[in-house]
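Chemist: my_file-v8.txt (compact mmCIF, C-alpha atoms) pasted underneath:
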```txt
# COMPACT_ATOMS: atom_id res chain seq x y z
CA ALA A 1 -21.98 23.18 19.11
CA MET A 2 -19.08 22.06 21.29
CA ALA A 3 -21.19 19.30 22.81
CA TRP A 4 -22.18 18.09 19.34
CA ARG A 5 -18.57 18.22 18.19
CA GLY A 6 -17.49 16.14 21.15
CA ALA A 7 -20.26 13.63 20.50
CA THR A 8 -19.33 13.24 16.83
CA ARG A 9 -15.65 12.83 17.68
CA MET A 10 -16.57 10.01 20.03
CA ALA A 11 -18.86 8.50 17.39
CA ALA A 12 -16.08 8.62 14.82
CA ARG A 13 -13.69 7.06 17.32
CA ARG A 14 -16.14 4.26 18.08
CA LEU A 15 -16.61 3.76 14.37
CA LEU A 16 -12.90 3.32 13.73
CA LEU A 17 -12.67 0.88 16.62
CA ARG A 18 -15.45 -1.26 15.20
CA SER A 19 -15.16 -3.88 12.48
CA PRO A 20 -16.40 -2.45 9.15
CA ALA A 21 -17.90 -5.84 8.30
CA GLY A 22 -20.14 -5.65 11.34
CA ARG A 23 -21.93 -2.40 10.53
CA ARG A 24 -25.69 -2.17 10.05
CA GLY A 25 -27.62 -0.79 7.08
CA ILE A 26 -25.29 0.43 4.38
CA ALA A 27 -22.54 -1.97 5.46
CA SER A 28 -24.64 -4.88 4.22
CA CYS A 29 -24.38 -3.67 0.61
CA ILE A 30 -20.68 -2.82 0.87
CA ASP A 31 -19.75 -5.78 3.08
CA PRO A 32 -16.14 -6.64 2.14
CA SER A 33 -16.69 -10.29 3.11
CA ALA A 34 -19.35 -10.84 0.41
CA GLY A 35 -18.40 -13.65 -1.95
CA LEU A 36 -15.42 -14.85 0.08
CA THR A 37 -14.74 -18.40 1.19
CA GLU A 38 -14.94 -19.24 4.88
CA GLU A 39 -11.15 -19.38 5.05
CA GLN A 40 -10.84 -15.95 3.43
CA LYS A 41 -13.39 -14.56 5.88
CA GLU A 42 -11.18 -15.81 8.69
CA PHE A 43 -8.10 -14.08 7.24
CA GLN A 44 -10.17 -10.93 6.87
CA LYS A 45 -11.48 -11.10 10.43
CA VAL A 46 -7.98 -11.50 11.86
CA ALA A 47 -6.78 -8.49 9.83
CA LEU A 48 -9.80 -6.36 10.74
CA ASP A 49 -9.42 -7.19 14.42
CA PHE A 50 -5.72 -6.28 14.26
CA ALA A 51 -6.53 -3.00 12.47
CA THR A 52 -9.16 -2.21 15.09
CA ARG A 53 -7.04 -3.02 18.15
CA GLU A 54 -3.48 -2.22 17.13
CA MET A 55 -3.64 0.38 14.34
CA ALA A 56 -6.75 2.62 14.43
CA PRO A 57 -6.15 3.88 18.00
CA HIS A 58 -2.65 5.09 16.99
CA MET A 59 -3.23 6.18 13.39
CA ALA A 60 -3.43 9.93 14.13
CA GLU A 61 -0.42 9.89 16.48
CA TRP A 62 1.75 7.99 13.99
CA ASP A 63 0.82 10.59 11.38
CA GLU A 64 1.35 13.64 13.58
CA LYS A 65 4.63 12.49 15.14
CA GLU A 66 5.87 10.68 12.01
CA ILE A 67 6.37 7.42 13.90
CA PHE A 68 7.46 4.31 11.98
CA PRO A 69 5.53 1.70 14.04
CA VAL A 70 8.09 -1.10 13.97
CA GLU A 71 6.74 -3.05 16.94
CA THR A 72 3.16 -2.94 15.66
CA MET A 73 4.29 -4.29 12.30
CA ARG A 74 6.21 -7.06 14.04
CA LYS A 75 2.99 -7.99 15.81
CA ALA A 76 1.33 -8.12 12.40
CA ALA A 77 4.14 -10.38 11.19
CA GLN A 78 3.33 -12.81 14.02
CA LEU A 79 -0.07 -13.20 12.32
CA GLY A 80 1.64 -14.01 9.03
CA PHE A 81 1.41 -10.55 7.44
CA GLY A 82 5.16 -10.06 6.89
CA GLY A 83 5.36 -12.44 3.93
CA ILE A 84 1.76 -13.07 2.95
CA TYR A 85 2.40 -14.49 -0.52
CA VAL A 86 5.86 -15.88 0.21
CA LYS A 87 6.41 -19.65 0.34
CA PRO A 88 6.09 -21.27 3.79
CA ASP A 89 9.50 -22.99 3.73
CA VAL A 90 11.21 -19.63 4.35
CA GLY A 91 8.64 -18.30 6.82
CA GLY A 92 5.95 -16.99 4.48
CA SER A 93 2.22 -17.59 4.72
CA GLY A 94 1.90 -19.02 1.19
CA LEU A 95 -1.44 -17.29 0.55
CA SER A 96 -2.90 -16.25 -2.79
CA ARG A 97 -2.94 -12.78 -4.35
CA LEU A 98 -6.67 -12.54 -3.59
CA ASP A 99 -6.07 -13.47 0.05
CA THR A 100 -3.37 -10.78 0.13
CA SER A 101 -5.73 -8.16 -1.31
CA ILE A 102 -8.37 -8.99 1.29
CA ILE A 103 -5.83 -8.67 4.12
CA PHE A 104 -4.37 -5.35 2.95
CA GLU A 105 -7.84 -3.89 2.45
CA ALA A 106 -8.76 -4.86 6.01
CA LEU A 107 -5.53 -3.57 7.57
CA SER A 108 -5.84 -0.28 5.68
CA THR A 109 -9.06 0.57 7.54
CA GLY A 110 -6.85 0.92 10.64
CA CYS A 111 -3.93 2.87 9.11
CA THR A 112 -3.51 3.22 5.37
CA SER A 113 0.03 4.62 5.51
CA THR A 114 1.40 1.76 7.63
CA THR A 115 -0.40 -0.87 5.56
CA ALA A 116 0.98 0.63 2.35
CA TYR A 117 4.53 0.26 3.66
CA MET A 118 3.77 -3.33 4.65
CA SER A 119 2.57 -3.97 1.10
CA ILE A 120 5.89 -2.71 -0.30
CA HIS A 121 7.82 -4.85 2.20
CA ASN A 122 5.78 -7.89 1.14
CA MET A 123 6.54 -7.17 -2.52
CA CYS A 124 10.29 -7.07 -1.79
CA VAL A 125 10.23 -10.36 0.12
CA TRP A 126 8.24 -12.00 -2.70
CA MET A 127 10.84 -10.84 -5.24
CA ILE A 128 13.65 -12.45 -3.24
CA ASP A 129 11.57 -15.60 -2.67
CA THR A 130 10.62 -15.89 -6.35
CA PHE A 131 13.77 -14.85 -8.18
CA GLY A 132 16.46 -15.65 -5.60
CA ASN A 133 18.33 -18.94 -5.41
CA GLU A 134 17.96 -21.25 -2.42
CA GLU A 135 20.86 -19.68 -0.54
CA GLN A 136 19.44 -16.18 -1.03
CA ARG A 137 15.92 -17.23 -0.07
CA ARG A 138 17.10 -18.81 3.19
CA ARG A 139 19.49 -15.96 3.98
CA PHE A 140 17.02 -13.09 3.54
CA CYS A 141 13.41 -14.26 3.69
CA PRO A 142 12.96 -15.65 7.23
CA SER A 143 14.02 -12.43 8.98
CA LEU A 144 11.96 -10.36 6.53
CA CYS A 145 8.83 -12.50 6.95
CA SER A 146 9.08 -12.09 10.73
CA MET A 147 9.76 -8.37 10.21
CA GLU A 148 12.82 -8.70 12.40
CA LYS A 149 14.22 -6.88 9.36
CA PHE A 150 12.43 -4.55 6.94
CA ALA A 151 12.84 -4.10 3.20
CA SER A 152 12.71 -1.23 0.71
CA TYR A 153 12.16 -1.28 -3.07
CA CYS A 154 14.63 0.90 -4.99
CA LEU A 155 13.61 1.63 -8.57
CA THR A 156 12.77 5.34 -8.93
CA GLU A 157 15.60 7.84 -9.44
CA PRO A 158 15.71 11.66 -9.45
CA GLY A 159 15.76 11.55 -13.26
CA SER A 160 13.72 8.40 -13.97
CA GLY A 161 10.23 7.96 -12.59
CA SER A 162 7.66 6.76 -15.10
CA ASP A 163 10.50 6.08 -17.56
CA ALA A 164 12.02 3.47 -15.27
CA ALA A 165 14.03 1.81 -18.05
CA SER A 166 16.20 4.95 -18.31
CA LEU A 167 17.64 4.54 -14.79
CA LEU A 168 21.29 5.49 -14.39
CA THR A 169 22.42 3.82 -11.13
CA SER A 170 25.29 1.61 -12.27
CA ALA A 171 26.87 -1.59 -11.02
CA GLN A 172 30.23 -2.43 -12.57
CA ARG A 173 31.41 -5.98 -12.10
CA LYS A 174 34.87 -6.52 -10.66
CA GLY A 175 35.57 -10.21 -10.06
CA ASP A 176 33.08 -11.58 -7.54
CA THR A 177 31.65 -8.16 -6.69
CA TYR A 178 29.80 -5.22 -8.18
CA VAL A 179 30.72 -1.60 -7.51
CA LEU A 180 27.44 0.27 -7.15
CA ASN A 181 27.08 4.02 -7.78
CA GLY A 182 24.06 6.29 -8.12
CA SER A 183 20.99 7.31 -6.16
CA LYS A 184 17.33 6.41 -5.74
CA ALA A 185 14.52 8.83 -4.86
CA PHE A 186 11.28 8.61 -2.85
CA ILE A 187 12.22 5.30 -1.22
CA SER A 188 9.66 4.12 1.35
CA GLY A 189 11.40 3.11 4.55
CA GLY A 190 14.71 4.48 3.28
CA GLY A 191 17.21 4.83 6.12
CA ASP A 192 15.09 2.91 8.63
CA THR A 193 15.00 -0.41 6.78
CA ASP A 194 17.58 -3.17 6.60
CA VAL A 195 17.41 -4.65 3.09
CA TYR A 196 17.32 -2.73 -0.22
CA VAL A 197 16.18 -4.40 -3.45
CA VAL A 198 17.99 -2.23 -6.01
CA MET A 199 17.50 -1.99 -9.77
CA CYS A 200 20.77 -0.93 -11.41
CA ARG A 201 22.45 -0.85 -14.79
CA THR A 202 24.99 -3.61 -15.43
CA GLY A 203 24.75 -3.45 -19.22
CA GLY A 204 23.81 -1.12 -22.04
CA PRO A 205 20.92 1.35 -22.25
CA GLY A 206 17.31 0.26 -22.03
CA PRO A 207 15.53 -2.40 -19.98
CA LYS A 208 17.82 -5.29 -21.01
CA GLY A 209 20.80 -3.64 -19.34
CA ILE A 210 19.20 -3.65 -15.87
CA SER A 211 19.95 -6.13 -13.08
CA CYS A 212 18.64 -6.54 -9.53
CA LEU A 213 20.91 -6.49 -6.47
CA VAL A 214 20.06 -6.96 -2.79
CA LEU A 215 21.98 -4.56 -0.57
CA GLU A 216 22.11 -4.63 3.22
CA LYS A 217 22.17 -1.65 5.56
CA GLY A 218 25.64 -1.00 6.88
CA THR A 219 27.32 -1.59 3.53
CA PRO A 220 30.17 0.93 3.20
CA GLY A 221 29.22 3.71 0.78
CA LEU A 222 25.47 3.35 1.43
CA SER A 223 23.92 6.58 2.75
CA PHE A 224 20.59 8.35 2.86
CA GLY A 225 19.16 11.78 2.14
CA LYS A 226 17.07 13.85 4.51
CA LYS A 227 13.72 12.54 5.67
CA GLU A 228 11.15 13.99 3.28
CA LYS A 229 8.22 16.04 4.56
CA LYS A 230 5.10 14.61 2.95
CA VAL A 231 1.39 15.40 2.69
CA GLY A 232 0.51 11.90 3.85
CA TRP A 233 2.14 8.51 4.39
CA ASN A 234 3.77 10.01 7.50
CA SER A 235 4.01 6.73 9.45
CA GLN A 236 6.68 5.59 7.02
CA PRO A 237 9.91 7.52 6.36
CA THR A 238 10.83 8.46 2.80
CA ARG A 239 14.41 9.29 1.84
CA ALA A 240 16.82 9.24 -1.08
CA VAL A 241 19.12 6.20 -1.04
CA ILE A 242 22.66 6.97 -2.19
CA PHE A 243 25.34 4.52 -3.38
CA GLU A 244 28.99 5.63 -3.49
CA ASP A 245 31.33 2.81 -4.51
CA CYS A 246 29.25 0.25 -2.60
CA ILE A 247 30.80 -3.20 -2.88
CA VAL A 248 28.04 -5.79 -3.40
CA PRO A 249 28.81 -9.52 -3.77
CA VAL A 250 27.71 -11.11 -7.05
CA GLY A 251 25.94 -13.61 -4.77
CA ASN A 252 23.47 -10.82 -3.91
CA ARG A 253 22.19 -10.55 -7.48
CA LEU A 254 18.66 -11.85 -8.02
CA GLY A 255 18.36 -13.79 -11.26
CA ALA A 256 20.70 -13.30 -14.20
CA GLU A 257 22.30 -10.11 -15.41
CA GLY A 258 19.79 -8.19 -17.52
CA GLN A 259 16.78 -9.73 -15.80
CA GLY A 260 16.29 -6.86 -13.37
CA PHE A 261 13.71 -4.86 -15.29
CA SER A 262 11.54 -7.94 -15.76
CA ILE A 263 11.81 -8.69 -12.02
CA ALA A 264 10.89 -5.10 -11.19
CA MET A 265 7.81 -5.12 -13.43
CA LYS A 266 6.60 -8.50 -12.15
CA GLY A 267 6.93 -7.19 -8.63
CA LEU A 268 4.95 -4.08 -9.57
CA ASN A 269 2.04 -6.11 -10.99
CA GLY A 270 1.42 -7.40 -7.49
CA GLY A 271 2.34 -4.04 -5.99
CA ARG A 272 -0.43 -2.39 -8.00
CA ILE A 273 -2.99 -4.82 -6.62
CA ASN A 274 -1.64 -4.25 -3.12
CA ILE A 275 -1.79 -0.46 -3.27
CA ALA A 276 -5.26 -0.58 -4.84
CA SER A 277 -6.32 -2.80 -1.93
CA CYS A 278 -5.00 -0.22 0.54
CA SER A 279 -7.14 2.38 -1.25
CA LEU A 280 -10.20 0.14 -0.87
CA GLY A 281 -9.71 -0.01 2.90
CA ALA A 282 -9.41 3.77 3.19
CA ALA A 283 -12.50 4.29 1.04
CA HIS A 284 -14.51 1.73 2.99
CA ALA A 285 -13.65 3.38 6.29
CA SER A 286 -14.48 6.80 4.81
CA VAL A 287 -17.91 5.66 3.63
CA LEU A 288 -18.66 4.47 7.16
CA LEU A 289 -17.43 7.73 8.65
CA ALA A 290 -19.65 9.67 6.23
CA GLN A 291 -22.63 7.47 7.03
CA GLU A 292 -22.15 8.09 10.74
CA HIS A 293 -21.70 11.84 10.26
CA LEU A 294 -24.82 12.21 8.12
CA THR A 295 -26.82 10.41 10.79
CA VAL A 296 -25.51 12.45 13.74
CA ARG A 297 -25.09 15.95 12.26
CA LYS A 298 -28.16 18.18 12.04
CA GLN A 299 -28.68 21.24 9.84
CA PHE A 300 -31.88 23.19 9.18
CA GLY A 301 -33.57 21.26 11.96
CA GLU A 302 -33.03 17.73 10.67
CA PRO A 303 -30.23 15.19 10.17
CA LEU A 304 -28.09 15.55 7.06
CA ALA A 305 -29.13 11.97 6.29
CA ASN A 306 -32.56 13.30 5.28
CA ASN A 307 -31.04 15.40 2.49
CA GLN A 308 -31.67 13.59 -0.80
CA TYR A 309 -28.62 15.10 -2.52
CA LEU A 310 -26.37 13.70 0.20
CA GLN A 311 -28.21 10.38 0.08
CA PHE A 312 -27.47 10.15 -3.65
CA ARG A 313 -23.80 11.04 -3.17
CA LEU A 314 -23.48 8.39 -0.47
CA ALA A 315 -25.10 5.85 -2.79
CA GLU A 316 -22.62 6.76 -5.54
CA MET A 317 -19.70 6.38 -3.12
CA ALA A 318 -20.89 2.93 -2.07
CA THR A 319 -21.45 1.85 -5.68
CA ARG A 320 -18.00 2.99 -6.76
CA LEU A 321 -16.41 1.25 -3.76
CA VAL A 322 -18.03 -2.09 -4.63
CA ALA A 323 -17.13 -1.72 -8.34
CA ALA A 324 -13.51 -0.97 -7.47
CA ARG A 325 -13.33 -3.90 -5.05
CA LEU A 326 -14.65 -6.32 -7.67
CA MET A 327 -12.14 -5.05 -10.22
CA VAL A 328 -9.22 -5.42 -7.80
CA ARG A 329 -10.22 -8.92 -6.78
CA ASN A 330 -10.68 -9.95 -10.42
CA ALA A 331 -7.14 -8.74 -11.22
CA ALA A 332 -5.77 -10.53 -8.14
CA ARG A 333 -7.27 -13.81 -9.37
CA ALA A 334 -5.83 -13.26 -12.85
CA LEU A 335 -2.36 -12.63 -11.41
CA GLN A 336 -2.56 -15.70 -9.19
CA GLU A 337 -3.59 -17.86 -12.16
CA GLY A 338 -0.80 -16.46 -14.34
CA ARG A 339 -3.25 -15.38 -17.01
CA GLU A 340 -1.96 -13.62 -20.12
CA ASP A 341 -4.10 -10.56 -19.41
CA ALA A 342 -3.00 -10.30 -15.76
CA ALA A 343 -0.62 -7.35 -16.17
CA VAL A 344 -3.15 -5.17 -17.97
CA LEU A 345 -5.92 -6.13 -15.52
CA CYS A 346 -3.62 -5.12 -12.65
CA SER A 347 -3.07 -1.77 -14.37
CA MET A 348 -6.82 -1.32 -14.90
CA ALA A 349 -7.55 -2.16 -11.28
CA LYS A 350 -4.85 0.16 -9.96
CA LEU A 351 -6.07 3.01 -12.18
CA PHE A 352 -9.74 2.60 -11.37
CA ALA A 353 -9.48 1.80 -7.67
CA THR A 354 -7.01 4.51 -6.72
CA ASP A 355 -8.91 7.19 -8.69
CA GLU A 356 -12.32 6.16 -7.40
CA CYS A 357 -11.25 5.58 -3.81
CA PHE A 358 -9.58 8.97 -3.59
CA ALA A 359 -12.81 10.54 -4.91
CA ILE A 360 -14.80 8.59 -2.28
CA CYS A 361 -12.57 9.76 0.59
CA ASN A 362 -12.60 13.32 -0.71
CA GLN A 363 -16.40 13.29 -0.92
CA ALA A 364 -16.59 11.90 2.60
CA LEU A 365 -14.47 14.83 3.77
CA GLN A 366 -16.80 17.25 1.95
CA MET A 367 -19.78 15.71 3.71
CA HIS A 368 -18.14 16.48 7.04
CA GLY A 369 -18.02 20.18 6.14
CA GLY A 370 -15.48 22.19 8.11
CA TYR A 371 -15.06 19.35 10.60
CA GLY A 372 -13.64 17.16 7.85
CA TYR A 373 -10.73 19.57 7.49
CA LEU A 374 -9.72 19.18 11.13
CA LYS A 375 -7.09 16.66 12.12
CA ASP A 376 -9.35 15.53 14.97
CA TYR A 377 -11.38 13.69 12.32
CA ALA A 378 -9.93 10.60 10.64
CA VAL A 379 -11.44 11.30 7.23
CA GLN A 380 -8.83 13.95 6.35
CA GLN A 381 -6.01 11.49 7.05
CA PHE A 382 -7.50 8.92 4.71
CA VAL A 383 -7.65 11.63 2.01
CA ARG A 384 -4.00 12.60 2.57
CA ASP A 385 -2.73 9.04 2.82
CA ILE A 386 -4.28 7.71 -0.38
CA ARG A 387 -3.64 10.69 -2.65
CA VAL A 388 -0.16 9.34 -3.44
CA HIS A 389 -1.62 6.00 -4.55
CA GLN A 390 -2.49 7.63 -7.88
CA ILE A 391 1.21 8.39 -8.37
CA LEU A 392 3.30 5.47 -7.10
CA GLU A 393 3.60 1.87 -8.34
CA GLY A 394 3.29 3.43 -11.80
CA THR A 395 1.35 6.68 -12.22
CA ASN A 396 -2.24 6.42 -13.33
CA GLU A 397 -1.23 8.09 -16.60
CA VAL A 398 1.15 5.17 -17.21
CA MET A 399 -1.66 2.75 -16.30
CA ARG A 400 -3.74 4.31 -19.09
CA MET A 401 -0.82 3.85 -21.51
CA ILE A 402 -0.52 0.16 -20.60
CA VAL A 403 -4.25 -0.46 -21.10
CA ALA A 404 -4.35 1.47 -24.40
CA ARG A 405 -1.27 -0.36 -25.72
CA ASN A 406 -2.89 -3.69 -24.93
CA LEU A 407 -6.08 -2.71 -26.75
CA LEU A 408 -4.31 -1.39 -29.86
CA GLN A 409 -1.37 -3.75 -30.26
CA GLY A 410 -3.16 -6.26 -32.48
```
So, in terms of structure tokens, how does the structure I just supplied come out?

Modeler:
Amino acid sequence: AMAWRGATRMAARRLLLRSPAGRRGIASCIDPSAGLTEEQKEFQKVALDFATREMAPHMAEWDEKEIFPVETMRKAAQLGFGGIYVKPDVGGSGLSRLDTSIIFEALSTGCTSTTAYMSIHNMCVWMIDTFGNEEQRRRFCPSLCSMEKFASYCLTEPGSGSDAASLLTSAQRKGDTYVLNGSKAFISGGGDTDVYVVMCRTGGPGPKGISCLVLEKGTPGLSFGKKEKKVGWNSQPTRAVIFEDCIVPVGNRLGAEGQGFSIAMKGLNGGRINIASCSLGAAHASVLLAQEHLTVRKQFGEPLANNQYLQFRLAEMATRLVAARLMVRNAARALQEGREDAAVLCSMAKLFATDECFAICNQALQMHGGYGYLKDYAVQQFVRDIRVHQILEGTNEVMRMIVARNLLQG
């Protein structure tokens, strides 16, 4: 038994260190490069190679020791992954939303938690690039695209999660500055990052009273709560972000007063595609781990792969993975094209992909039996890391509300 366990650990290790696109058999029907242009296949290959070399070998250690892998992410930024859909004149790669989805899916096969933080960072840089003026773009974006500096998105509060428009953090204008007071909860990177994109209330109640300020670490009055202990996402710190009479220049406001909620929601449309893409990568890696396990593990005198029930479950996992991938890529195209239905398609894709991919990873763990519950096996980390994807960037219950509202509004 110990010899078998050692052999399967090594097989799983080899699997994680191999490009998912290069697998035999089942990989041909779930090949993530299917339907892509040659250029997109190149982006994907670069991301897969980076995930294989720089992320997968360290994934378990980053999780166990709660390491925020700053230098690894800076290496990723050298490949253009720090500002993937940011304009090139401020250091971005200028790629499309579909290109971005392909890259995050590939990176997530190496470490889902780290890739998810990178997706949030990319969303923040895009918001500054898109809604900032020229001075703001050139002041903030280059160092963020290179990941010399890191960014955090500050929307959620202790009392406002799904009901984001009820946020209470306030910014009172005094001459050329705002005085910022309040707190944000569950902030990815909080305390370890350098730039905070903050949604705050500058006007009356409701979404039209919200503005967006960019705050830099070191601002007097800016502090952080304790580092949260989480089920997954352990390679990125999560803390409360607290503002006590923080003085923020009016020149750090993105867009006009009252435009903040619109900026936040437009950022989240892309964020939902990004986080769904991270789920795809975790699910793809988990299908491959399950395939390998079923082939190697024997019970009742024959490989588990000969069991028709498990064959059918594996087939269902593969089918759901491909369906989710197609839905995410369709939404990414719609967002890139600025289509009227883009926001609801992003919500559909986030809902479907995060639900289905969690089910895929969970089933892969089940197929591993007791071994799947051991931290020696990567499948349990994929399960833990993507569970939160059904909650953040808008809960999946809110995604259902958005889709239903769209269907019933006219």

Chemist: Can you pull out the residues contacting A:Lys75? Cut-off 10 Å, using only C-alpha atoms, and skip same-chain residues under 6 positions away; I want them as a list in words.

Modeler: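 Near neighbours after the sequence-gap exclusion: Phe50, Glu54, Phe81, Gly82, Ser146 and Met147 of chain A.
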
Chemist: Here is a test: counting only C-alpha atoms, which residue of A:Asn269, A:Ser188, A:Ser96, A:Ser262 is nearest to A:Lys230?

Modeler: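 With only C-alpha atoms as the atom set, the closest residue is A:Ser188.
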
Chemist: Which residues are close to stretch 209-213 of chain A, i.e. within 12 Å by all atoms listed in the file, leaving aside same-chain residues fewer than 4 positions away? Reply as a ChimeraX atom specification.

Modeler: /A:124,127-128,131-132,136,153-155,164-173,177-180,195-205,246-265,267

Chemist: Give me the residues within 12 Å of A:Ala151 as a ChimeraX atom specification, counting all atoms listed in the file and dropping any in the same chain fewer than 6 places off.

Modeler: /A:82-83,117-128,140-141,143-145,187-198,214-217

Chemist: Considering all atoms listed in the file, can you say which of A:Pro88, A:Gly281, A:Met367, A:Arg272 comes closest to A:Ala305?

Modeler: A:Met367

Chemist: Closest to A:Lys227 among A:Gly94, A:Ser33, A:Cys357, A:Glu66, using only C-alpha atoms?

Modeler: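 For A:Lys227, the nearest of the given residues is A:Glu66.
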
Chemist: What residues have an atom no more than 9 Å from (-0.1, 11.3, 9.4) in the file's own frame, counting only C-alpha atoms, and can you write them as a tab-separated table (two decimals) with C-alpha atoms, in the coordinates of the input?

Modeler:
```
chain	number	residue	atom	x	y	z
A	59	MET	CA	-3.23	6.18	13.39
A	60	ALA	CA	-3.43	9.93	14.13
A	61	GLU	CA	-0.42	9.89	16.48
A	62	TRP	CA	1.75	7.99	13.99
A	63	ASP	CA	0.82	10.59	11.38
A	64	GLU	CA	1.35	13.64	13.58
A	65	LYS	CA	4.63	12.49	15.14
A	66	GLU	CA	5.87	10.68	12.01
A	67	ILE	CA	6.37	7.42	13.90
A	113	SER	CA	0.03	4.62	5.51
A	230	LYS	CA	5.10	14.61	2.95
A	231	VAL	CA	1.39	15.40	2.69
A	232	GLY	CA	0.51	11.90	3.85
A	233	TRP	CA	2.14	8.51	4.39
A	234	ASN	CA	3.77	10.01	7.50
A	235	SER	CA	4.01	6.73	9.45
A	381	GLN	CA	-6.01	11.49	7.05
A	384	ARG	CA	-4.00	12.60	2.57
A	385	ASP	CA	-2.73	9.04	2.82
```

Chemist: Choose the residue, out of A:Ala185, A:Cys361, A:Ile102, A:Val90, that has the smallest atom-to-atom separation from A:Arg138; count only C-alpha atoms.

Modeler: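 Once distances to A:Arg138 are computed over only C-alpha atoms, the minimum belongs to A:Val90.
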
Chemist: Could you please determine the separation between atom CA of A:Gln366 and atom CA of A:Glu397 in Å, to one decimal place?

Modeler: 25.9 Å

Chemist: Set the distance at 7 Å and use all atoms listed in the file: which residues neighbour stretch 319-321 of chain A once local chain neighbours fewer than 4 positions away are removed? I'd like the list as number ranges by chain.

Modeler: A: 280, 283, 315, 325, 356-357

Chemist: Rounded to one decimal in Å, what is the spacing between atom CA of A:Asp99 and atom CA of A:Val344?

Modeler: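 Between atom CA of A:Asp99 and atom CA of A:Val344 the gap works out to 20.1 Å.
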
Chemist: With all atoms listed in the file counted, which protein, DNA or RNA residues have an atom no more than 7 Å from (-7.4, -19.2, 2.1) in the file frame? Please answer as a list in words.

Modeler: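 Residues found, by chain and rising number: Glu39, Gln40, Leu95 and Asp99 of chain A.
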
Chemist: Would you please work out which residue, of A:Gln291, A:Phe312, A:Leu304, A:Lys298, is nearest to A:Ala364 when using all atoms listed in the file?

Modeler: A:Gln291

Chemist: So which one's closest to A:Ala332, A:Ile273, A:Val379, A:Leu351, A:Ala285? Using only C-alpha atoms, please.

Modeler: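 With only C-alpha atoms as the atom set, the closest residue is A:Ile273.
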
Chemist: So how many Å separate atom CA of A:Asn396 and atom CA of A:Ser162, to one decimal?

Modeler: 10.1 Å

Chemist: Report the centre and edge lengths, in Å to one decimal, of an axis-aligned box enclosing every atom of stretch 347-352 of chain A listed in the file, padded by 8 Å on each side, as AutoDock Vina command-line options.

Modeler:
```
--center_x -6.4 --center_y 0.4 --center_z -12.4 --size_x 22.7 --size_y 21.2 --size_z 20.9
```

Chemist: Just need stretch 182-193 of chain A in a file, please: N, CA and C atoms, as a compact mmCIF listing (two decimals), in the first residue's frame.

Modeler:
```txt
# COMPACT_ATOMS: atom_id res chain seq x y z
N GLY A 182 -14.18 54.79 7.43
CA GLY A 182 -14.96 53.57 7.27
C GLY A 182 -14.06 52.35 7.24
N SER A 183 -14.61 51.24 6.81
CA SER A 183 -13.81 50.01 6.72
C SER A 183 -14.33 49.10 5.63
N LYS A 184 -13.43 48.30 5.08
CA LYS A 184 -13.75 47.31 4.06
C LYS A 184 -13.38 45.92 4.59
N ALA A 185 -14.13 44.92 4.18
CA ALA A 185 -13.92 43.56 4.68
C ALA A 185 -13.53 42.61 3.56
N PHE A 186 -12.81 41.54 3.93
CA PHE A 186 -12.45 40.46 3.00
C PHE A 186 -11.63 40.96 1.81
N ILE A 187 -10.68 41.85 2.05
CA ILE A 187 -9.95 42.46 0.94
C ILE A 187 -8.72 41.62 0.58
N SER A 188 -8.72 41.08 -0.63
CA SER A 188 -7.61 40.26 -1.12
C SER A 188 -6.35 41.11 -1.26
N GLY A 189 -5.29 40.65 -0.63
CA GLY A 189 -4.03 41.39 -0.65
C GLY A 189 -3.93 42.45 0.42
N GLY A 190 -5.02 42.70 1.13
CA GLY A 190 -5.05 43.78 2.11
C GLY A 190 -3.87 43.74 3.07
N GLY A 191 -3.17 44.86 3.20
CA GLY A 191 -2.03 44.96 4.08
C GLY A 191 -0.71 44.68 3.40
N ASP A 192 -0.73 43.84 2.37
CA ASP A 192 0.50 43.50 1.64
C ASP A 192 0.59 44.22 0.31
N THR A 193 -0.48 44.88 -0.10
CA THR A 193 -0.50 45.54 -1.40
C THR A 193 -0.27 47.04 -1.24
```
